[in-house]
Amino acid sequence: MRYTIQEIATAIGAVAVGDTSLTIGKLAEPAQATADDLALATSPKYAMSLQNGAALAAVLWPGAEWQEMGLKGAILPDRPRYAMAGMTRMMDEGQGFVSGIHPSAIIDETAVLGAEVSIGPLTVIAAGVSIGAGSVIGPQCYIGQDAVLGNNAYLRDHVSVGARVRIGNRFTAQPGASIGGDGFSFVTAEPSTVEQTRRSLGDRGDTKAQQWTRIHTLGGVLIGDDVECGMNCTIDAGTIRDTVVGDGTKIDNLVHLGHNVVVGKNCLLCGQVGVAGSVTIGDNVVLGGQVGVSDNIFIGDGVIAGGGTKILSNVPAGRSILGYPATEMAKQIEGYKALRRLPKLLRDFAALKKQVSGGETEP
Amino acid sequence: MRYTIQEIATAIGAVAVGDTSLTIGKLAEPAQATADDLALATSPKYAMSLQNGAALAAVLWPGAEWQEMGLKGAILPDRPRYAMAGMTRMMDEGQGFVSGIHPSAIIDETAVLGAEVSIGPLTVIAAGVSIGAGSVIGPQCYIGQDAVLGNNAYLRDHVSVGARVRIGNRFTAQPGASIGGDGFSFVTAEPSTVEQTRRSLGDRGDTKAQQWTRIHTLGGVLIGDDVECGMNCTIDAGTIRDTVVGDGTKIDNLVHLGHNVVVGKNCLLCGQVGVAGSVTIGDNVVLGGQVGVSDNIFIGDGVIAGGGTKILSNVPAGRSILGYPATEMAKQIEGYKALRRLPKLLRDFAALKKQVSGGETEP
Amino acid sequence: MRYTIQEIATAIGAVAVGDTSLTIGKLAEPAQATADDLALATSPKYAMSLQNGAALAAVLWPGAEWQEMGLKGAILPDRPRYAMAGMTRMMDEGQGFVSGIHPSAIIDETAVLGAEVSIGPLTVIAAGVSIGAGSVIGPQCYIGQDAVLGNNAYLRDHVSVGARVRIGNRFTAQPGASIGGDGFSFVTAEPSTVEQTRRSLGDRGDTKAQQWTRIHTLGGVLIGDDVECGMNCTIDAGTIRDTVVGDGTKIDNLVHLGHNVVVGKNCLLCGQVGVAGSVTIGDNVVLGGQVGVSDNIFIGDGVIAGGGTKILSNVPAGRSILGYPATEMAKQIEGYKALRRLPKLLRDFAALKKQVSGGETEP
């Protein structure tokens, strides 16, 4: 696909300047750009690398002095980062999945496929499944009994969707995403050491053998519209009610959501986030990479947790948090700095104590 | 499946009261329950929500005053949480896997399948495999050469079992569970910087290039009876001897067990736990979500580690631990509280020092 | 396969002593070794266990007094740990994948397979793929459009390689390894709360609803020679340029590499490491289990990070680090020790302050 820079600017609602009939074949970083590329130089810092490449056209920022950069034409979007969404969508070549139903796919006769649904090779569609119009199911996927996918789903390879999972429109799943496993819910015949420890926080002198019996998973997973799931992420089904993921929420690779978790709308759950069972997360929450959330916690709307934060208690709306255990971000950073001064404080305190006790108070 | 509340009570060994011939179609949370549901209101707190639903029957607790809740009948189990295991097992609809050997499955002629084994579509069973009676192998699984599965195994889709893995009876594996990968074991021709750092804990001025050579994995994985493995978890094979998981141990989604790890009986390893190579874990150990264990560590029987704990040294039996690095739970919480007071302590100390040094000791 | 101890010693360049014509059938740990095994007793500590087994031959260390251990023959390598690489390679039985192209594999007619390539059952090879000579692709893998694999690749089952991923020679991938997913890159039409929080570190009073729009992934993944990828690991493709993994780097189970990450040569990334987008990692870096790296960080050559370290800022070459946030290893351990003394310091400080303020300075 080739575009003029005018076509690109028009598509993303930005201004094109200079020779707007210049055509480009792909996007490139400034230093690697050839004369056939549209260089992405969306800040003065990135624009300095234009001289290391051979771009004739670039995406800059409002008011950028493009002529001085040796360019023949430019696009000047108001919010260059947002413009990236539109430009990359135009240039995306995708995975090249072949349209139509591959003859090797195994589709139960009771499954209902909407108009223009594609099913990849060696994918299995179980009984009672419903897949909305325009959906593309990649190779080697499994869609379990009575699962529902809305319109325009896009599943790459090896995706697993369990029985009774219900998903809205425009769902995207990366390779190996796994939705609808049984919850990790076990119980002992007698109260377990875990139950005791939660009450006492103490050690246990006797560690009596206990066997774990499964609490079966009867609920499903309910996923809204415009949700994305990353590679090899795992979302457990709920015990009695559904595990829920709200509209517009994006879930990264290797994220784990336990049973009964409720995630609100437009959240970002970054790589390897782990959310234990029965946690409730509000809207517009951002959990950085490797954040962990203990079971039965509430996290308010708009909470932002930095990478690696371990959330062990409820978090009010609007809070920015960091650390283990999670603390307000600014306080946590103050704490980190104080901790670095602690070894010296211990030495200074010992000296002062000696001074005071020894009566060596200076005059 | 429909049951009377008497049938359910009998099955779980509990008392039914009121109109015990009432039939119910499914379990429900109190506020969502219809007149056809058995509401799960197993504590006074949950029972308050009965008024928001329409349940005629509920599971309560011993001595609960069910008539005052507007119910026509009730089940009063001694330990309601344990009763959940029996009730959910009765009501579990499962994945709806079709019985029998699917014609698209590829099964080596030397594989031995017990009575009433089901093999799902597009599953591959390699040479020399043995699968015990009553087992259900889901779609798109791979069972490697000479692997052994006991009776009544239940594997969902996309499960991977490597060559020479041996598993006991009643094994359950969620989608994407992967058992028997090669261990992460590499060595350099000369002593590596890692070996040096472990000795010195120091930085290294010169960072000489080193190439890593694989130590091949000759051992297998030996898994006991009644073990469960979560979605996309990974268990490496041992280097010379087997990696071992004891009877009754339950492993959650995205858990990682390295080569040569030995896990005892009836442990719970929660979501995203990571256990490095050659760790030995006792019986009845509970590792919370995202717990990490350094290589070559011993963890005694009955240890409980809170979510996010990083275990860098041996832990005696019966200990409850938390934090990074792992510390006794009560001490760790004391430490967290002290840390919050540290910035003020630093200021107070500076003031006191000035006071003492300046001779401003108050009379 | 049976070998004399002379054959093994010769293959690994070590000295054999005693009856070097003794044949052995497999390697074993000293206590489990039978008379048919070669016991691995590579240190005096391990050698003490020889008396619990029945080995006639063992791998020891230079100068070991093998006769006194009741052995008939021995191998005395200079660096026993490195010798393990050669010996285990000789004895590796592998997965027993059948050679050749399995008839159930679905291979696009435009794919180019080198000499002696094997393709396992139910694997899908998309259009334009190139696979180098001697490669073994296991069962149920997916190789996406225009992907390139070099010579002697070895992929186990359920491996996913996305479109346009390019991989060098001697690549190894464990079950479920997933390479080339779309990056986790989203943008809001207005500056998001995350962008604001990064600037202010503060909380946000108003948490305005925001929708996330995908920045599409146009780049690929470029992987060098001699790279290994563990079970269910995930490597995202780059946004504009490629995500890069250098020659000789080894990646463990459940590791996550975000979009645009550049990893140098001969690194070890241990189990569950997570590297956020646009991080650059030098050569010979070792990241222990569950290490996390924030986005846009630089990590210099030869850095070693202990298990669980969270790296939130750039790390100079040669540094050994530990903790959350990452700190020089020796300082971090000093900090941990100081922290354990903090509760007592708080009490002692209060006492001293009272003493000073109360004029109780002892004579």
# chains A, B, ... in the order shown; residues from 1 in each chain; ligands from 1
>>> closest_atom_pairs(of="chain B", to="chain A", cutoff="6 Å", atoms="only C-alpha atoms", output="tab-separated table")
residue	atom	partner	partner_atom	distance
B:Tyr82	CA	A:Val187	CA	5.8
B:Ala85	CA	A:Ile215	CA	4.2
B:Thr88	CA	A:His216	CA	5.0
B:Arg89	CA	A:His216	CA	5.5
B:Asp92	CA	A:Leu218	CA	5.8
B:Gln95	CA	A:Ala163	CA	5.4
B:Asn266	CA	A:Gln211	CA	5.7
B:Gly302	CA	A:Thr207	CA	5.2
B:Gly318	CA	A:Arg204	CA	5.1
B:Arg319	CA	A:Asp203	CA	4.8
B:Ser320	CA	A:Asp203	CA	5.0
B:Pro343	CA	A:Ala338	CA	5.6
B:Ser357	CA	A:Glu362	CA	5.4
B:Gly359	CA	A:Pro363	CA	5.3
>>> select_by_dssp(residues="range 7-76 of chain A", states="alpha helix (DSSP H)", output="list in words")
Glu7, Ile8, Ala9, Thr10, Ala11, Ile12, Pro44, Lys45, Tyr46 and Ala47 of chain A
>>> closest_residue(among="C:Leu113, C:Cys229, C:Ile223, C:Ala31", to="Gly264 in chain C", atoms="only C-alpha atoms")
C:Ile223
>>> calpha_fit_and_write(fixed="chain A", moving="chain B", output="CSV table (one decimal) with C-alpha atoms, in the first residue's frame")
chain,number,residue,atom,x,y,z
B,1,MET,CA,0.0,0.0,0.0
B,2,ARG,CA,1.3,3.4,-1.0
B,3,TYR,CA,-0.2,6.7,0.1
B,4,THR,CA,0.5,10.4,-0.5
B,5,ILE,CA,1.2,12.3,2.5
B,6,GLN,CA,-2.0,14.3,1.8
B,7,GLU,CA,-4.0,11.0,2.0
B,8,ILE,CA,-2.4,10.1,5.3
B,9,ALA,CA,-2.9,13.6,6.8
B,10,THR,CA,-6.5,13.6,5.7
B,11,ALA,CA,-7.1,10.2,7.2
B,12,ILE,CA,-5.8,11.3,10.6
B,13,GLY,CA,-7.2,14.8,10.5
B,14,ALA,CA,-3.9,16.6,10.4
B,15,VAL,CA,-2.3,19.3,8.2
B,16,ALA,CA,0.1,18.3,5.4
B,17,VAL,CA,2.6,20.9,4.2
B,18,GLY,CA,5.0,21.1,1.2
B,19,ASP,CA,4.8,18.6,-1.6
B,20,THR,CA,1.7,16.8,-0.4
B,21,SER,CA,1.6,14.6,-3.4
B,22,LEU,CA,4.8,12.7,-2.3
B,23,THR,CA,4.0,9.0,-1.9
B,24,ILE,CA,5.5,6.8,0.8
B,25,GLY,CA,5.7,3.1,1.1
B,26,LYS,CA,6.1,2.6,4.9
B,27,LEU,CA,6.7,4.3,8.2
B,28,ALA,CA,10.3,4.4,9.5
B,29,GLU,CA,12.3,5.8,12.4
B,30,PRO,CA,14.2,8.9,11.3
B,31,ALA,CA,17.7,7.4,11.2
B,32,GLN,CA,16.6,4.3,9.3
B,33,ALA,CA,14.3,6.2,6.9
B,34,THR,CA,14.9,5.9,3.1
B,35,ALA,CA,13.5,8.4,0.5
B,36,ASP,CA,10.5,6.1,0.2
B,37,ASP,CA,9.6,6.3,3.9
B,38,LEU,CA,7.6,8.6,6.1
B,39,ALA,CA,9.9,9.3,9.0
B,40,LEU,CA,8.4,9.5,12.5
B,41,ALA,CA,10.1,12.5,14.0
B,42,THR,CA,7.4,13.6,16.4
B,43,SER,CA,9.6,15.7,18.8
B,44,PRO,CA,12.6,17.9,18.3
B,45,LYS,CA,14.8,15.2,19.9
B,46,TYR,CA,13.7,12.6,17.3
B,47,ALA,CA,13.9,15.2,14.5
B,48,MET,CA,17.7,15.5,15.1
B,49,SER,CA,18.1,12.0,13.7
B,50,LEU,CA,16.5,12.9,10.4
B,51,GLN,CA,20.0,13.9,9.2
B,52,ASN,CA,21.2,10.3,9.7
B,53,GLY,CA,18.5,9.0,7.4
B,54,ALA,CA,17.3,9.9,3.9
B,55,ALA,CA,13.6,10.8,4.5
B,56,LEU,CA,12.0,13.3,2.2
B,57,ALA,CA,8.8,13.4,4.3
B,58,ALA,CA,8.2,13.2,8.0
B,59,VAL,CA,5.6,13.4,10.7
B,60,LEU,CA,6.5,16.3,12.9
B,61,TRP,CA,4.6,18.5,15.5
B,62,PRO,CA,2.6,21.7,15.2
B,63,GLY,CA,4.8,24.6,14.1
B,64,ALA,CA,7.8,22.4,13.3
B,65,GLU,CA,10.2,24.1,10.9
B,66,TRP,CA,10.2,21.3,8.3
B,67,GLN,CA,12.0,23.2,5.6
B,68,GLU,CA,15.1,23.5,7.7
B,69,MET,CA,15.2,19.8,8.2
B,70,GLY,CA,15.7,19.2,4.5
B,71,LEU,CA,12.3,17.7,3.9
B,72,LYS,CA,10.1,18.1,0.8
B,73,GLY,CA,6.9,17.6,2.7
B,74,ALA,CA,5.6,16.9,6.2
B,75,ILE,CA,2.5,16.1,8.3
B,76,LEU,CA,2.0,18.3,11.4
B,77,PRO,CA,-0.5,16.6,13.7
B,78,ASP,CA,-1.8,18.3,16.9
B,79,ARG,CA,-1.1,15.3,19.1
B,80,PRO,CA,1.6,13.3,17.3
B,81,ARG,CA,1.3,10.3,19.7
B,82,TYR,CA,-2.3,9.9,18.9
B,83,ALA,CA,-1.6,10.4,15.2
B,84,MET,CA,0.5,7.2,15.4
B,85,ALA,CA,-2.7,5.2,16.0
B,86,GLY,CA,-4.3,6.3,12.7
B,87,MET,CA,-1.1,6.0,10.7
B,88,THR,CA,-0.1,2.6,11.9
B,89,ARG,CA,-3.6,1.3,11.3
B,90,MET,CA,-3.4,2.4,7.7
B,91,MET,CA,-0.1,0.7,7.2
B,92,ASP,CA,-0.7,-2.5,9.1
B,93,GLU,CA,-0.2,-5.6,6.9
B,94,GLY,CA,-1.6,-7.9,9.5
B,95,GLN,CA,-0.9,-11.6,9.7
B,96,GLY,CA,-2.1,-12.5,6.2
B,97,PHE,CA,-4.7,-15.0,7.4
B,98,VAL,CA,-6.6,-16.4,4.5
B,99,SER,CA,-10.3,-15.5,4.3
B,100,GLY,CA,-13.0,-18.1,4.5
B,101,ILE,CA,-13.5,-21.3,6.4
B,102,HIS,CA,-10.4,-23.5,6.2
B,103,PRO,CA,-11.3,-27.1,5.3
B,104,SER,CA,-9.3,-28.5,8.2
B,105,ALA,CA,-11.2,-26.6,10.8
B,106,ILE,CA,-13.6,-28.7,12.8
B,107,ILE,CA,-16.8,-26.9,13.4
B,108,ASP,CA,-19.8,-28.4,15.2
B,109,GLU,CA,-22.9,-28.3,13.1
B,110,THR,CA,-24.8,-26.4,15.9
B,111,ALA,CA,-22.3,-23.5,15.9
B,112,VAL,CA,-23.7,-20.3,14.4
B,113,LEU,CA,-21.3,-18.2,12.3
B,114,GLY,CA,-22.2,-14.6,11.2
B,115,ALA,CA,-21.6,-13.2,7.8
B,116,GLU,CA,-18.1,-13.2,6.4
B,117,VAL,CA,-16.5,-15.1,9.3
B,118,SER,CA,-13.1,-16.6,8.7
B,119,ILE,CA,-12.0,-19.7,10.5
B,120,GLY,CA,-8.3,-20.7,10.3
B,121,PRO,CA,-6.8,-24.2,9.8
B,122,LEU,CA,-7.1,-26.7,12.5
B,123,THR,CA,-9.3,-24.6,14.7
B,124,VAL,CA,-12.0,-26.3,16.7
B,125,ILE,CA,-15.5,-24.7,17.2
B,126,ALA,CA,-17.6,-26.6,19.7
B,127,ALA,CA,-21.3,-27.1,19.9
B,128,GLY,CA,-23.6,-24.1,20.5
B,129,VAL,CA,-20.9,-21.5,19.7
B,130,SER,CA,-21.9,-18.2,18.2
B,131,ILE,CA,-19.5,-16.0,16.3
B,132,GLY,CA,-20.5,-12.5,15.1
B,133,ALA,CA,-20.2,-11.1,11.6
B,134,GLY,CA,-16.8,-10.2,10.2
B,135,SER,CA,-14.9,-12.1,12.8
B,136,VAL,CA,-11.5,-13.7,12.0
B,137,ILE,CA,-10.5,-16.8,14.0
B,138,GLY,CA,-6.9,-17.7,13.5
B,139,PRO,CA,-5.3,-21.1,13.2
B,140,GLN,CA,-5.4,-23.8,15.9
B,141,CYS,CA,-7.8,-22.0,18.2
B,142,TYR,CA,-10.4,-23.7,20.4
B,143,ILE,CA,-13.8,-22.1,21.0
B,144,GLY,CA,-15.6,-24.0,23.7
B,145,GLN,CA,-19.3,-25.0,24.1
B,146,ASP,CA,-21.9,-22.3,24.0
B,147,ALA,CA,-19.2,-19.5,23.9
B,148,VAL,CA,-20.3,-16.3,22.3
B,149,LEU,CA,-18.0,-13.9,20.3
B,150,GLY,CA,-19.4,-10.6,19.0
B,151,ASN,CA,-18.8,-9.0,15.7
B,152,ASN,CA,-15.4,-8.4,14.2
B,153,ALA,CA,-13.5,-10.5,16.6
B,154,TYR,CA,-9.8,-11.1,15.7
B,155,LEU,CA,-8.1,-14.1,17.2
B,156,ARG,CA,-4.6,-15.0,16.3
B,157,ASP,CA,-3.4,-18.6,16.7
B,158,HIS,CA,-3.6,-21.0,19.6
B,159,VAL,CA,-6.3,-18.9,21.4
B,160,SER,CA,-8.4,-20.8,23.9
B,161,VAL,CA,-11.9,-19.8,24.8
B,162,GLY,CA,-13.7,-22.0,27.4
B,163,ALA,CA,-17.3,-23.1,27.6
B,164,ARG,CA,-19.9,-20.4,28.2
B,165,VAL,CA,-17.5,-17.5,27.8
B,166,ARG,CA,-19.3,-14.4,26.4
B,167,ILE,CA,-17.4,-11.7,24.6
B,168,GLY,CA,-18.6,-8.4,23.0
B,169,ASN,CA,-17.7,-6.8,19.7
B,170,ARG,CA,-14.2,-6.1,18.3
B,171,PHE,CA,-12.4,-8.5,20.6
B,172,THR,CA,-8.7,-9.0,19.9
B,173,ALA,CA,-6.7,-12.0,21.2
B,174,GLN,CA,-3.0,-12.5,20.7
B,175,PRO,CA,-1.5,-16.0,20.3
B,176,GLY,CA,-2.0,-18.4,23.2
B,177,ALA,CA,-4.5,-16.1,25.1
B,178,SER,CA,-6.5,-18.4,27.4
B,179,ILE,CA,-10.0,-17.4,28.7
B,180,GLY,CA,-12.3,-19.4,30.9
B,181,GLY,CA,-10.1,-21.8,32.9
B,182,ASP,CA,-11.4,-23.2,36.1
B,183,GLY,CA,-10.8,-21.0,39.1
B,184,PHE,CA,-8.1,-21.8,41.7
B,185,SER,CA,-10.4,-22.5,44.5
B,186,PHE,CA,-9.8,-25.3,47.0
B,187,VAL,CA,-11.0,-26.0,50.5
B,188,THR,CA,-10.1,-28.3,53.3
B,189,ALA,CA,-12.5,-30.3,55.4
B,190,GLU,CA,-11.2,-28.7,58.5
B,191,PRO,CA,-10.2,-25.0,58.7
B,192,SER,CA,-6.9,-24.7,57.0
B,193,THR,CA,-3.6,-23.3,58.1
B,194,VAL,CA,-4.1,-20.5,55.6
B,195,GLU,CA,-7.4,-19.5,57.3
B,196,GLN,CA,-5.7,-19.5,60.7
B,197,THR,CA,-2.7,-17.5,59.4
B,198,ARG,CA,-4.9,-14.8,58.0
B,199,ARG,CA,-6.3,-14.3,61.4
B,200,SER,CA,-3.1,-14.5,63.5
B,201,LEU,CA,-0.4,-13.6,61.0
B,202,GLY,CA,1.7,-16.0,63.2
B,203,ASP,CA,3.6,-19.2,62.6
B,204,ARG,CA,2.0,-22.5,63.3
B,205,GLY,CA,3.8,-25.0,65.5
B,206,ASP,CA,1.9,-28.0,64.2
B,207,THR,CA,1.6,-28.4,60.4
B,208,LYS,CA,-1.2,-30.9,60.1
B,209,ALA,CA,-1.6,-32.6,56.8
B,210,GLN,CA,-4.5,-31.3,54.9
B,211,GLN,CA,-6.0,-32.3,51.6
B,212,TRP,CA,-7.5,-29.8,49.2
B,213,THR,CA,-10.9,-30.3,47.6
B,214,ARG,CA,-11.9,-28.4,44.5
B,215,ILE,CA,-14.7,-25.9,44.5
B,216,HIS,CA,-15.9,-26.3,41.0
B,217,THR,CA,-16.3,-23.4,38.6
B,218,LEU,CA,-19.9,-22.9,37.5
B,219,GLY,CA,-19.7,-19.3,36.3
B,220,GLY,CA,-18.3,-18.0,33.0
B,221,VAL,CA,-16.4,-15.0,31.8
B,222,LEU,CA,-18.2,-11.9,30.5
B,223,ILE,CA,-16.1,-9.6,28.4
B,224,GLY,CA,-17.3,-6.3,27.0
B,225,ASP,CA,-16.6,-4.5,23.7
B,226,ASP,CA,-13.2,-3.4,22.4
B,227,VAL,CA,-11.2,-5.6,24.7
B,228,GLU,CA,-7.8,-6.9,23.8
B,229,CYS,CA,-6.0,-9.9,25.4
B,230,GLY,CA,-2.2,-10.5,25.2
B,231,MET,CA,-0.2,-13.6,24.4
B,232,ASN,CA,-0.5,-16.4,26.9
B,233,CYS,CA,-2.6,-14.4,29.3
B,234,THR,CA,-5.0,-16.3,31.5
B,235,ILE,CA,-8.6,-15.3,32.7
B,236,ASP,CA,-10.3,-17.7,35.0
B,237,ALA,CA,-14.1,-18.2,35.0
B,238,GLY,CA,-16.1,-17.2,38.0
B,239,THR,CA,-17.2,-19.7,40.7
B,240,ILE,CA,-20.9,-18.8,40.7
B,241,ARG,CA,-21.2,-15.5,38.9
B,242,ASP,CA,-19.0,-14.5,36.0
B,243,THR,CA,-15.5,-13.0,35.9
B,244,VAL,CA,-16.0,-9.6,34.2
B,245,VAL,CA,-13.8,-7.5,32.0
B,246,GLY,CA,-15.4,-4.1,31.0
B,247,ASP,CA,-15.5,-2.3,27.7
B,248,GLY,CA,-12.3,-1.0,26.3
B,249,THR,CA,-10.0,-2.7,28.7
B,250,LYS,CA,-6.6,-3.9,27.3
B,251,ILE,CA,-4.8,-6.9,28.9
B,252,ASP,CA,-1.1,-7.5,28.1
B,253,ASN,CA,0.9,-10.7,27.7
B,254,LEU,CA,1.0,-13.2,30.6
B,255,VAL,CA,-1.5,-11.3,32.7
B,256,HIS,CA,-3.5,-13.4,35.1
B,257,LEU,CA,-7.0,-12.7,36.3
B,258,GLY,CA,-8.4,-15.0,38.9
B,259,HIS,CA,-12.0,-16.2,39.4
B,260,ASN,CA,-14.7,-13.7,40.1
B,261,VAL,CA,-12.5,-10.7,39.3
B,262,VAL,CA,-14.3,-7.7,38.0
B,263,VAL,CA,-12.3,-5.2,35.9
B,264,GLY,CA,-14.0,-1.9,34.9
B,265,LYS,CA,-13.9,0.0,31.6
B,266,ASN,CA,-10.9,1.3,29.8
B,267,CYS,CA,-8.2,-0.2,32.1
B,268,LEU,CA,-4.7,-1.1,31.1
B,269,LEU,CA,-3.3,-4.2,32.7
B,270,CYS,CA,0.4,-4.4,31.7
B,271,GLY,CA,2.6,-7.4,31.2
B,272,GLN,CA,2.6,-10.1,33.9
B,273,VAL,CA,0.0,-8.3,36.1
B,274,GLY,CA,-1.6,-10.8,38.5
B,275,VAL,CA,-5.0,-10.3,40.0
B,276,ALA,CA,-6.1,-12.8,42.6
B,277,GLY,CA,-9.7,-14.0,43.0
B,278,SER,CA,-12.7,-11.8,43.8
B,279,VAL,CA,-10.8,-8.5,43.3
B,280,THR,CA,-12.9,-5.5,42.0
B,281,ILE,CA,-11.1,-2.9,39.8
B,282,GLY,CA,-12.8,0.3,38.8
B,283,ASP,CA,-12.7,2.2,35.4
B,284,ASN,CA,-9.6,3.8,33.9
B,285,VAL,CA,-7.2,1.9,36.1
B,286,VAL,CA,-3.6,1.4,35.0
B,287,LEU,CA,-1.6,-1.4,36.5
B,288,GLY,CA,2.1,-1.4,35.5
B,289,GLY,CA,4.1,-4.5,34.6
B,290,GLN,CA,4.2,-7.3,37.3
B,291,VAL,CA,1.7,-5.5,39.6
B,292,GLY,CA,0.1,-8.0,41.9
B,293,VAL,CA,-3.3,-7.6,43.7
B,294,SER,CA,-4.3,-9.7,46.7
B,295,ASP,CA,-7.7,-11.4,46.7
B,296,ASN,CA,-10.9,-9.6,47.7
B,297,ILE,CA,-9.4,-6.1,47.2
B,298,PHE,CA,-11.2,-3.1,45.8
B,299,ILE,CA,-9.3,-0.7,43.6
B,300,GLY,CA,-11.1,2.6,42.8
B,301,ASP,CA,-11.5,4.4,39.5
B,302,GLY,CA,-8.5,6.0,37.9
B,303,VAL,CA,-5.9,4.3,40.2
B,304,ILE,CA,-2.4,4.1,38.6
B,305,ALA,CA,0.1,1.6,40.0
B,306,GLY,CA,3.8,1.7,39.0
B,307,GLY,CA,5.6,-1.4,37.8
B,308,GLY,CA,6.1,-4.1,40.4
B,309,THR,CA,3.6,-2.7,42.9
B,310,LYS,CA,2.0,-5.3,45.2
B,311,ILE,CA,-1.5,-4.2,46.3
B,312,LEU,CA,-2.4,-5.8,49.6
B,313,SER,CA,-5.3,-3.6,50.7
B,314,ASN,CA,-8.0,-1.4,49.2
B,315,VAL,CA,-7.0,1.6,47.1
B,316,PRO,CA,-9.2,4.7,46.9
B,317,ALA,CA,-10.1,6.2,43.5
B,318,GLY,CA,-7.6,8.5,41.9
B,319,ARG,CA,-4.6,7.3,43.9
B,320,SER,CA,-1.1,6.8,42.3
B,321,ILE,CA,0.7,4.0,44.1
B,322,LEU,CA,4.0,2.2,44.0
B,323,GLY,CA,6.0,-0.4,46.0
B,324,TYR,CA,5.5,-3.5,48.1
B,325,PRO,CA,3.3,-3.0,49.9
B,326,ALA,CA,1.6,-0.4,47.7
B,327,THR,CA,2.0,3.1,49.1
B,328,GLU,CA,1.2,6.5,47.6
B,329,MET,CA,3.8,7.1,44.9
B,330,ALA,CA,5.3,10.3,46.4
B,331,LYS,CA,5.5,8.8,49.9
B,332,GLN,CA,7.0,5.6,48.6
B,333,ILE,CA,9.8,7.5,46.8
B,334,GLU,CA,10.4,9.5,50.0
B,335,GLY,CA,10.6,6.2,51.8
B,336,TYR,CA,13.1,4.7,49.3
B,337,LYS,CA,15.3,7.8,49.7
B,338,ALA,CA,15.1,7.6,53.5
B,339,LEU,CA,15.9,3.9,53.4
B,340,ARG,CA,19.2,4.7,51.7
B,341,ARG,CA,20.1,7.0,54.6
B,342,LEU,CA,19.2,4.4,57.2
B,343,PRO,CA,22.6,2.6,57.6
B,344,LYS,CA,24.3,6.0,58.3
B,345,LEU,CA,21.5,6.9,60.7
B,346,LEU,CA,22.1,3.8,62.7
B,347,ARG,CA,25.7,4.7,63.0
B,348,ASP,CA,25.0,8.3,63.8
B,349,PHE,CA,22.4,7.4,66.4
B,350,ALA,CA,24.9,5.0,68.1
B,351,ALA,CA,27.4,7.9,68.2
B,352,LEU,CA,24.9,10.4,69.6
B,353,LYS,CA,23.7,8.0,72.2
B,354,LYS,CA,27.2,7.4,73.4
B,355,GLN,CA,27.8,11.1,73.4
B,356,VAL,CA,24.6,11.8,75.5
B,357,SER,CA,25.1,8.8,77.8
B,358,GLY,CA,28.8,9.6,78.2
B,359,GLY,CA,28.0,13.2,79.1
B,360,GLU,CA,30.0,14.4,76.2
B,361,THR,CA,27.5,17.0,75.2
B,362,GLU,CA,29.5,19.7,73.7
B,363,PRO,CA,29.2,23.1,75.3
>>> select_by_dssp(residues="range 216-353 of chain B", states="strand (DSSP E)", output="count of residues only")
38
